[in-house]
2 protein chains.
Amino acid sequence: MLDKRRNSDHREIGRGRRPVRNPSSHEQAPLTLRLREYLVNLVVGPPLASNQQPDRKVGLLTALPVFGLDGLSSSAYGPEAALVVLGAAGAAYIEPVTWIILALLAILYVSYRQTIRAYPNAAGSYVVAKENLGTNLGLMAAAALMIDYVLNVAVGISAGIGALVSAVPTLQPHTLMLCLIVLAVISLANLRGTPDAGWLFAPPTYLFIASMAAVLGVGVIRIIAGDAHPGALTAAPRVAAAAPAAGAWLLMRAFAAGCTAMTGVEAVSNGVSAFREPQVKHAHRTLTVIVALLAVLLIGIASMARAYGAHAMDQNKPGYQSILSQLAAAVLGRGIFYYVTIGSVLAVLILSANTSFADLPRLCSFVAKDKFLPGSFAALGRRLVFSIGIIFLSTSAALLLICFDGITDRLIPLFAVGAFTAFTLSQAGMVAHWRKAHRRSAQPSLSHLIRSHSRMLVNGVGAIATGIALLVILAAKLREGAWIVVIAMATLISLFKVVRAYYKRLERRLRPRGPLSFKQNVAPVVLLPMEEWNYLAAKAMNFAVELSDDVTALHVSALGAGDAAAEDRGLRLKWHQEVEGPAIRAGVKPPRLVCVQSRYRRLTNAVLEYVRELQEESSERLIAIVIPELIKVHWWEHLLHTHHALRLRRALLKHGGARVVVVSVPWYMDPPLNLDEMSSTQELDESTAGDGGASVTQA
Amino acid sequence: MLDKRRNSDHREIGRGRRPVRNPSSHEQAPLTLRLREYLVNLVVGPPLASNQQPDRKVGLLTALPVFGLDGLSSSAYGPEAALVVLGAAGAAYIEPVTWIILALLAILYVSYRQTIRAYPNAAGSYVVAKENLGTNLGLMAAAALMIDYVLNVAVGISAGIGALVSAVPTLQPHTLMLCLIVLAVISLANLRGTPDAGWLFAPPTYLFIASMAAVLGVGVIRIIAGDAHPGALTAAPRVAAAAPAAGAWLLMRAFAAGCTAMTGVEAVSNGVSAFREPQVKHAHRTLTVIVALLAVLLIGIASMARAYGAHAMDQNKPGYQSILSQLAAAVLGRGIFYYVTIGSVLAVLILSANTSFADLPRLCSFVAKDKFLPGSFAALGRRLVFSIGIIFLSTSAALLLICFDGITDRLIPLFAVGAFTAFTLSQAGMVAHWRKAHRRSAQPSLSHLIRSHSRMLVNGVGAIATGIALLVILAAKLREGAWIVVIAMATLISLFKVVRAYYKRLERRLRPRGPLSFKQNVAPVVLLPMEEWNYLAAKAMNFAVELSDDVTALHVSALGAGDAAAEDRGLRLKWHQEVEGPAIRAGVKPPRLVCVQSRYRRLTNAVLEYVRELQEESSERLIAIVIPELIKVHWWEHLLHTHHALRLRRALLKHGGARVVVVSVPWYMDPPLNLDEMSSTQELDESTAGDGGASVTQA
């Protein structure tokens with residue numbers, strides 16, 4: 001047992017967690033409580049101890065699925081988004097647009113290689129921008145990323161369901177419902193925590209790469225064999241019958257839409273710390289492989305779409321076929337291989353939504369630690385994940401899916417603005433970083449000068465390229481929905497600032513005002529509201545007379561609109577016999593009984609009013625209100641009682657003022673539940689862990 | 001100002017309610033709070049003081065609408081219910097069945113005249129049966145009545161909407177929705193309180209009587225003129241194509257269905273106390289008029305239905321016409337008079353539902369005062385009505401309407417069982433009453449013997465007649481739905497008993513155990529859980545050191561799964577500077593600081609566990625847990641804070657045990673809202689009342 005009396009300084013006491021539970025109370029543990037605990041364990045999983053955090057490092061093969069998924073899966077909707085914009089002109093212009101996108105991708109690749117080397121711990125855009133460009137731009141990056149993560153979930157899921165609906169057209173009317181079900185499953189899986197994500201992610205990722213390689217390989221061979229334009233692809237109804245003459249503006253809009261294919265390439269730079277040593281080398285290799293694969297996929301899809309004359313179809317109409325589905329069906333036929341391909345696309349898209357669930361809560365926790373978001377975003381939940389962030393993300397994504405009916409095409413215009421804002425800010429931040437590093441360096445040798453300037457140049461080119469892309473995207477998409485993102489970003493940034501201002505103000509107010517004073521104060525005025533004189537009131541009175549010799553029992557009569565005088569008379573008689581008399585005999589100042597009549601039958605108001613008068617009367621003393629409280633153990637007991645004690649306590653705390661202290665004296669009809677019963681699962685879990693449980697140190 | 005120090009015995013202090021409100025805090029009253037208050041006042045009305053209870057007495061003309069509505073309106077569905085059962089044989093058999101019902105009505109009339117004389121205060125079946133037949137049968141009567149009141153609401157509304165749908169057939173698909181809207185309006189009106197019910201009820205009641213008189217009068221004249229069987233009534237599709245040969249069983253079922261026409265005649269006996277003096281005479285006259293009118297209506301409708309060959313139609317099918325609508329259309333044509341008639345039927349039926357809203361909450365309050373129902377049923381709400389009873393009634397009726405789709409025909413089989421159970425028990429109770437009175441009487445003269453026996457005979461015949469009717473109803477309707485009522489009654493009775501047993505047990509446990517003891521106890525062990533050393537903790541510590549010299553501050557570290565050791569070190573340094581040092585300098589025993597590490601990041605569990613160890617260690621002393629609490633004034637502040645204090649307090653009260661006392665020390669970032677802001681409307685209201693507001697008496 002813990003011996004508190006010993007005053008040794010920094011003591012650590014292993015508590016063996018001997019189950020001291022009372023066997024009889026164990027029997028009494030109500031079914032509802034046990035059932036709830038059981039259900040929570042079943043759905044979310046038993047709680048994890050803080051030291052159970054997994055700490056696995058990844059190499060190239062395991063990193064590719066974890067960090068590449070988001071980027072690679074973008075190829076499933078990026079080209080399609082461009083084709084939707086191009087409409088009738090699609091097949092002809094898709095290749096040039098894709099080449100421009102690839103050029104931008106190459107710039108971004110070189111630029112991010114440098115970022116990885118410079119920030120081997122966490123190169124998130126928020127951190128980079130905040131450190132190098134100041135808080136405001138950091139918050140802008142954070143807001144942009146948060147919006148993009150939410151969109152990534154919505155787009156990933158809706159595109160995945162789009163693939164599923166292409167393969168199984170009868171599911172088409174249920175698009176939104178399917179999206180929401182998938183979202184719920186992903187959210188729950190993330191609330192449980194996904195310790196072995198690599199294990200889960202590898203098969204679909206590699207299957208996706210393999211089947212796309214098959215589709216593109218066979219497709220290119222057929223093109224070379226002159227077998228390229230089969231009748232398999234019927235000319236589908238076009239979405240936007242854009243005039244082919246639209247020229248530059250059309251290409252710009254197609255480029256803006258196609259840029260969504262680049263979302264997710266920043267993932268490696270965010271997670272460098274998760275790589276095996278040498279971290280930078282492994283991260284570089286992984287980034288190279290991802291970007292190369294993405295480039296091959298994009299140009300392959302584009303050239304096949306041209307060769308086979310694939311057109312974007314309306315996801316909202318029956319008979320919808322995604323571009324990948326059209327190509328796979330044309331190349332492989334609608335056999336087993338087609339379904340394997342579509343299955344891997346579905347899996348990869350849905351898992352890419354999952355990467356947002358890893359990134360957004362982590363980002364929010366960084367922002368929350370800087371006090372720009374409520375502290376709960378930084379709190380590790382039952383399963384060592386940032387539960388609030390996960391719930392926030394899934395709620396926002398669900399709202400987005402519902403508002404846009406689960407249709408990818410409608411979500412795409414909102415997408416990529418956030419990602420390119422973050423790209424630009426991150427690259428610009430890197431430029432500032434190199435400049436600072438250059439200024440700080442002691443030996444301004446020529447080689448150093450060249451190195452630092454070439455670094456600045458690389459990131460500068462990256463920043464300018466992504467910045468131009470961002471402007472193009474904004475110009476092209478503003479009217480189609482990007483304005484929503486701009487407004488959302490501005491709103492988020494102002495929210496961040498408001499939250500921070502609140503916390504700062506709170507911090508100032510909470511600062512202790514000098515050392516604690518130990519001068520003896522006057523005993524408080526004690527007020528004991530009671531309904532009648534019973535054991536409950538007597539127990540509270542016992543404590544009240546300990547607190548002070550100035551005790552007043554307050555009885556609010558006529559709460560039932562009955563005869564107040566008769567009620568008071570009966571109470572006063574009892575009071576005289578059981579309180580006043582014994583007090584006088586014991587030579588103690590007897591507590592007073594005050595009866596207040598409530599015209600509106602409101603206990604709370606009557607007590608609050610009396611408290612206010614006490615406060616006006618004695619301007620310094622504390623007022624301790626001792627509330628006898630009947631504790632309800634079972635849910636049905638709440639139906640059988642009024643909740644006067646609860647409401648009174650709440651009102652007193654909220655409106656009583658700084659000189660009020662509320663003392664709750666509980667009374668149990670039956671012995672209360674033991675702590676053991678509350679957390680039986682946790683305890684079992686802990687005892688099997690066998691490391692002595694919680695530890696106590698003491699000053 | 002209230003001078004608490006004077007110790008005069010029974011003092012009454014008029015509090016002038018000078019508004020002591022702080023003008024600056026008035027400005028700060030948040031919009032949300034004011035808006036809520038405003039909305040509640042708008043919807044439910046401002047609160048009423050206990051002495052604002054209306055106390056109007058009624059005479060014959062005003063009593064007829066109030067007490068007659070329920071009984072008279074039954075004529076709108078009773079005959080129709082019988083005709084539904086009779087089906088094809090309807091027109092032929094409806095008259096004999098009605099004569100039997102009228103005979104029963106006559107017996108009931110004579111019987112109830114006696115009851116009124118014997119119980120001039122409250123002759124409700126529950127009271128009569130409980131006093132004379134014992135608690136069990138009293139509860140049975142209460143359960144039967146409660147079920148019947150709920151059914152009366154559902155049947156009244158659905159029959160009223162049935163009449164509306166007959167007149168405006170396009171509304172037919174919206175039957176259920178219309179029923180629920182009407183129910184909501186009635187419920188809200190009753191939650192507001194209906195002080196001048198007579199004023200509201202009189203016009204539709206007299207209009208109903210007048211228009212029914214017109215329909216029946218013109219109809220009878222036409223019958224005599226040989227103009228009786230016009231082509232106006234097309235032979236409608238019959239509901240149940242029962243074989244006419246079914247004979248006695250068919251007649252029995254028709255009788256059982258028709259008995260629903262008698263529900264509501266007990267209303268006068270329930271409310272004798274509301275009559276003007278001489279009460280009994282006024283009540284007798286009112287009962288006579290109601291029963292006579294009902295008899296005329298019933299036989300009139302029956303003979304017209306035969307003469308015009310009216311048949312019951314299926315309310316569920318388009319083109320439904322209620323019997324009254326068919327008769328009114330046949331006699332008056334579909335002109336203005338037809339619509340006036342149907343309008344009055346609609347109004348009367350809906351208002352008859354309203355009578356349940358007056359009766360059931362009052363019945364429940366009686367039952368609750370006897371502790372067979374939760375006490376909240378006996379509590380007068382904001383508007384001096386039994387709000388919980390009203391909410392209970394409208395919820396049950398809504399469920400019933402939804403389950404039965406708002407169709408009267410489906411509800412009828414459940415109806416009348418409850419009413420006739422209550423009739424029988426009430427009459428049987430009266431027999432027992434006379435018998436007791438006879439035994440008690442001192443002078444057993446012959447005239448007295450004859451009088452008391454004749455009284456017993458009258459109520460005995462009533463009991464037997466209604467008892468037989470009840471058996472017939474049960475036999476005829478059991479399979480059609482009356483079994484639901486039987487099961488519901490049994491369930492209600494057992495619930496009553498369980499509730500009573502709980503309250504009795506509570507009362508025994510709460511009985512004070514002798515006079516209060518004033519011997520000085522050992523000071524409590526004080527525990528102060530704190531997150532960090534700040535002003536919040538310092539304020540709580542100030543109070544803690546007042547309570548006892550054995551104070552322990554408990555810090556649960558690693559709640560964020562961070563570095564517990566560093567956290568503890570920082571805290572301990574502050575502790576040493578700001579608490580320990582000053583205490584030693586002041587010559588006081590310094591409070592201890594204990595740091596507990598929580599493996600599962602759960603503050604509540606860690607504190608509870610520590611409290612349990614304290615309890616095991618010191619087996620007698622109280623443990624006072626002082627919780628510093630940051631009070632959130634605005635709703636959005638709740639989003640910015642964890643709710644550790646709230647959850648900790650709840651868990652400690654629920655699981656801490658009898659030796660725990662929880663002290664909440666509030667801390668406000670901004671000054672708290674004044675009481676005035678909370679109840680501004682009430683105060684204004686009270687100051688206009690000008691009677692000095694609440695009064696205080698003091699011992």
# chains A, B, ... in the order shown; residues from 1 in each chain; ligands from 1
>>> select_by_dssp(residues="segment 107-328 of chain A", states="helix (DSSP H, G or I)", output="MDAnalysis selection string")
chainID A and resid 107:118 125:133 135:167 169:192 197:224 244:246 248:262 267:270 272:274 279:308 323:328
>>> residues_around(residues="segment 529-537 of chain B", least_positions_apart="3", cutoff="8 Å", atoms="only C-alpha atoms", output="ChimeraX atom specification")
/A:509-513 /B:540-541,553-556,571,574-575,607,625-630,667
>>> write_last_selection(atoms="C-alpha atoms", output="PDB file, in the first residue's frame")
ATOM      1  CA  ARG A 509      -5.279  35.291 -16.265  1.00  0.00           C
ATOM      2  CA  LEU A 510      -4.181  31.937 -14.873  1.00  0.00           C
ATOM      3  CA  ARG A 511      -0.647  33.016 -14.040  1.00  0.00           C
ATOM      4  CA  PRO A 512      -0.173  32.554 -10.266  1.00  0.00           C
ATOM      5  CA  ARG A 513       0.003  35.865  -8.422  1.00  0.00           C
TER       6      ARG A 513
ATOM      7  CA  ALA B 540      -8.517  25.948  -4.721  1.00  0.00           C
ATOM      8  CA  MET B 541      -5.458  25.424  -2.512  1.00  0.00           C
ATOM      9  CA  ALA B 553      -2.027  17.993  -4.257  1.00  0.00           C
ATOM     10  CA  LEU B 554      -2.290  15.224  -6.821  1.00  0.00           C
ATOM     11  CA  HIS B 555      -0.794  15.734 -10.235  1.00  0.00           C
ATOM     12  CA  VAL B 556      -1.476  13.132 -12.872  1.00  0.00           C
ATOM     13  CA  LEU B 571       5.982  21.315 -11.354  1.00  0.00           C
ATOM     14  CA  LYS B 574       7.250  25.696  -8.788  1.00  0.00           C
ATOM     15  CA  TRP B 575       5.685  23.841  -5.887  1.00  0.00           C
ATOM     16  CA  VAL B 607      -7.575  10.013  -9.107  1.00  0.00           C
ATOM     17  CA  ILE B 625     -11.555  16.282  -2.911  1.00  0.00           C
ATOM     18  CA  VAL B 626     -11.166  19.924  -3.863  1.00  0.00           C
ATOM     19  CA  ILE B 627     -11.573  20.358  -7.610  1.00  0.00           C
ATOM     20  CA  PRO B 628     -10.508  23.642  -9.200  1.00  0.00           C
ATOM     21  CA  GLU B 629     -12.984  24.322 -11.967  1.00  0.00           C
ATOM     22  CA  LEU B 630     -12.731  26.755 -14.831  1.00  0.00           C
ATOM     23  CA  TRP B 667     -12.814  30.224 -11.255  1.00  0.00           C
TER      24      TRP B 667
END
>>> closest_residue(among="B:Leu401, B:Ala225, B:Val545, B:Leu492", to="chain A", atoms="only C-alpha atoms")
B:Val545
>>> residues_around(residues="Asn542 of chain B", least_positions_apart="4", cutoff="9 Å", atoms="only C-alpha atoms", output="list in words")
Leu516, Ser517 and Phe518 of chain A; Ala537, Ala538 and Glu546 of chain B
>>> residues_around(residues="Gly271 of chain B", least_positions_apart="4", cutoff="12 Å", atoms="only C-alpha atoms", output="compact mmCIF listing (two decimals) with N, CA and C atoms, in the first residue's frame")
# COMPACT_ATOMS: atom_id res chain seq x y z
N LYS B 57 -65.51 28.86 -10.88
CA LYS B 57 -66.48 27.77 -10.71
C LYS B 57 -67.48 27.83 -11.86
N VAL B 58 -67.96 26.67 -12.28
CA VAL B 58 -68.85 26.64 -13.44
C VAL B 58 -70.28 26.33 -13.03
N ALA B 63 -70.69 24.42 -17.73
CA ALA B 63 -70.24 23.07 -17.42
C ALA B 63 -70.50 22.13 -18.58
N VAL B 66 -67.55 21.99 -20.90
CA VAL B 66 -66.33 21.47 -20.29
C VAL B 66 -66.43 19.97 -20.01
N PHE B 67 -67.58 19.58 -19.40
CA PHE B 67 -67.68 18.17 -18.99
C PHE B 67 -68.43 17.32 -20.00
N GLY B 68 -69.21 17.96 -20.88
CA GLY B 68 -70.03 17.18 -21.79
C GLY B 68 -69.34 16.83 -23.10
N THR B 115 -73.03 8.52 -7.03
CA THR B 115 -71.60 8.72 -6.78
C THR B 115 -71.30 10.20 -6.56
N ILE B 116 -71.93 11.02 -7.38
CA ILE B 116 -71.69 12.46 -7.27
C ILE B 116 -72.09 12.97 -5.89
N TYR B 119 -69.44 11.61 -3.24
CA TYR B 119 -68.07 12.16 -3.31
C TYR B 119 -68.09 13.52 -3.97
N PRO B 120 -68.56 14.55 -3.26
CA PRO B 120 -68.65 15.86 -3.91
C PRO B 120 -67.30 16.50 -4.20
N ASN B 121 -66.21 15.93 -3.70
CA ASN B 121 -64.91 16.55 -3.97
C ASN B 121 -64.24 15.98 -5.21
N ALA B 122 -63.91 14.71 -5.16
CA ALA B 122 -63.30 14.10 -6.33
C ALA B 122 -63.75 12.66 -6.37
N ALA B 123 -64.64 12.36 -7.32
CA ALA B 123 -65.18 11.02 -7.37
C ALA B 123 -64.50 10.20 -8.44
N GLY B 124 -63.24 10.50 -8.72
CA GLY B 124 -62.52 9.74 -9.72
C GLY B 124 -62.50 8.27 -9.36
N SER B 125 -62.52 7.42 -10.38
CA SER B 125 -62.55 5.97 -10.14
C SER B 125 -61.37 5.53 -9.30
N VAL B 265 -68.78 9.76 -20.08
CA VAL B 265 -69.90 10.21 -19.24
C VAL B 265 -69.47 10.34 -17.77
N GLU B 266 -68.30 9.78 -17.43
CA GLU B 266 -67.85 9.87 -16.05
C GLU B 266 -67.25 11.24 -15.74
N ALA B 267 -67.11 12.08 -16.78
CA ALA B 267 -66.38 13.34 -16.60
C ALA B 267 -66.98 14.20 -15.49
N PHE B 275 -67.88 22.79 -9.71
CA PHE B 275 -69.20 23.40 -9.91
C PHE B 275 -69.48 24.50 -8.90
N ARG B 276 -70.36 25.39 -9.32
CA ARG B 276 -70.81 26.45 -8.44
C ARG B 276 -71.73 25.85 -7.38
N GLN B 279 -73.19 22.56 -5.35
CA GLN B 279 -72.42 21.74 -6.29
C GLN B 279 -73.19 20.53 -6.80
N VAL B 280 -73.73 19.75 -5.86
CA VAL B 280 -74.35 18.48 -6.26
C VAL B 280 -75.50 18.72 -7.22
N HIS B 282 -76.01 21.31 -9.26
CA HIS B 282 -75.51 21.69 -10.58
C HIS B 282 -74.93 20.50 -11.32
N ALA B 283 -74.22 19.67 -10.59
CA ALA B 283 -73.60 18.51 -11.22
C ALA B 283 -74.67 17.55 -11.72
N HIS B 284 -75.69 17.32 -10.92
CA HIS B 284 -76.77 16.43 -11.33
C HIS B 284 -77.45 16.93 -12.59
N THR B 286 -76.29 18.94 -14.87
CA THR B 286 -75.40 18.83 -16.02
C THR B 286 -75.36 17.39 -16.53
N LEU B 287 -75.23 16.44 -15.60
CA LEU B 287 -75.18 15.03 -16.00
C LEU B 287 -76.45 14.64 -16.74
N THR B 355 -59.86 17.04 -23.38
CA THR B 355 -60.28 16.74 -22.01
C THR B 355 -59.33 15.73 -21.36
N ALA B 358 -56.65 17.39 -19.60
CA ALA B 358 -56.96 17.92 -18.28
C ALA B 358 -56.99 16.79 -17.25
N ASP B 359 -57.50 15.61 -17.69
CA ASP B 359 -57.76 14.55 -16.71
C ASP B 359 -56.54 13.69 -16.41
N ARG B 362 -53.88 15.15 -14.07
CA ARG B 362 -54.39 15.26 -12.70
C ARG B 362 -54.42 13.89 -12.04
N LEU B 363 -54.91 12.87 -12.80
CA LEU B 363 -54.90 11.50 -12.26
C LEU B 363 -53.48 11.08 -11.90
>>> atom_distance(atom1="atom CA of Arg585 of chain A", atom2="atom CA of Ala523 of chain B")
22.4 Å
>>> residues_around(residues="Lys371 of chain B", least_positions_apart="3", cutoff="9 Å", atoms="only C-alpha atoms", output="VMD selection string")
chain B and resid 366 to 368 374 to 375 496 499 to 501 503 to 504
>>> closest_residue(among="B:Leu183, B:Ala378, B:Ile390, B:Val461", to="chain A", atoms="only C-alpha atoms")
B:Ala378
>>> closest_residue(among="A:Arg621, A:His448, A:Arg435, A:Arg222", to="chain B", atoms="only C-alpha atoms")
A:Arg621
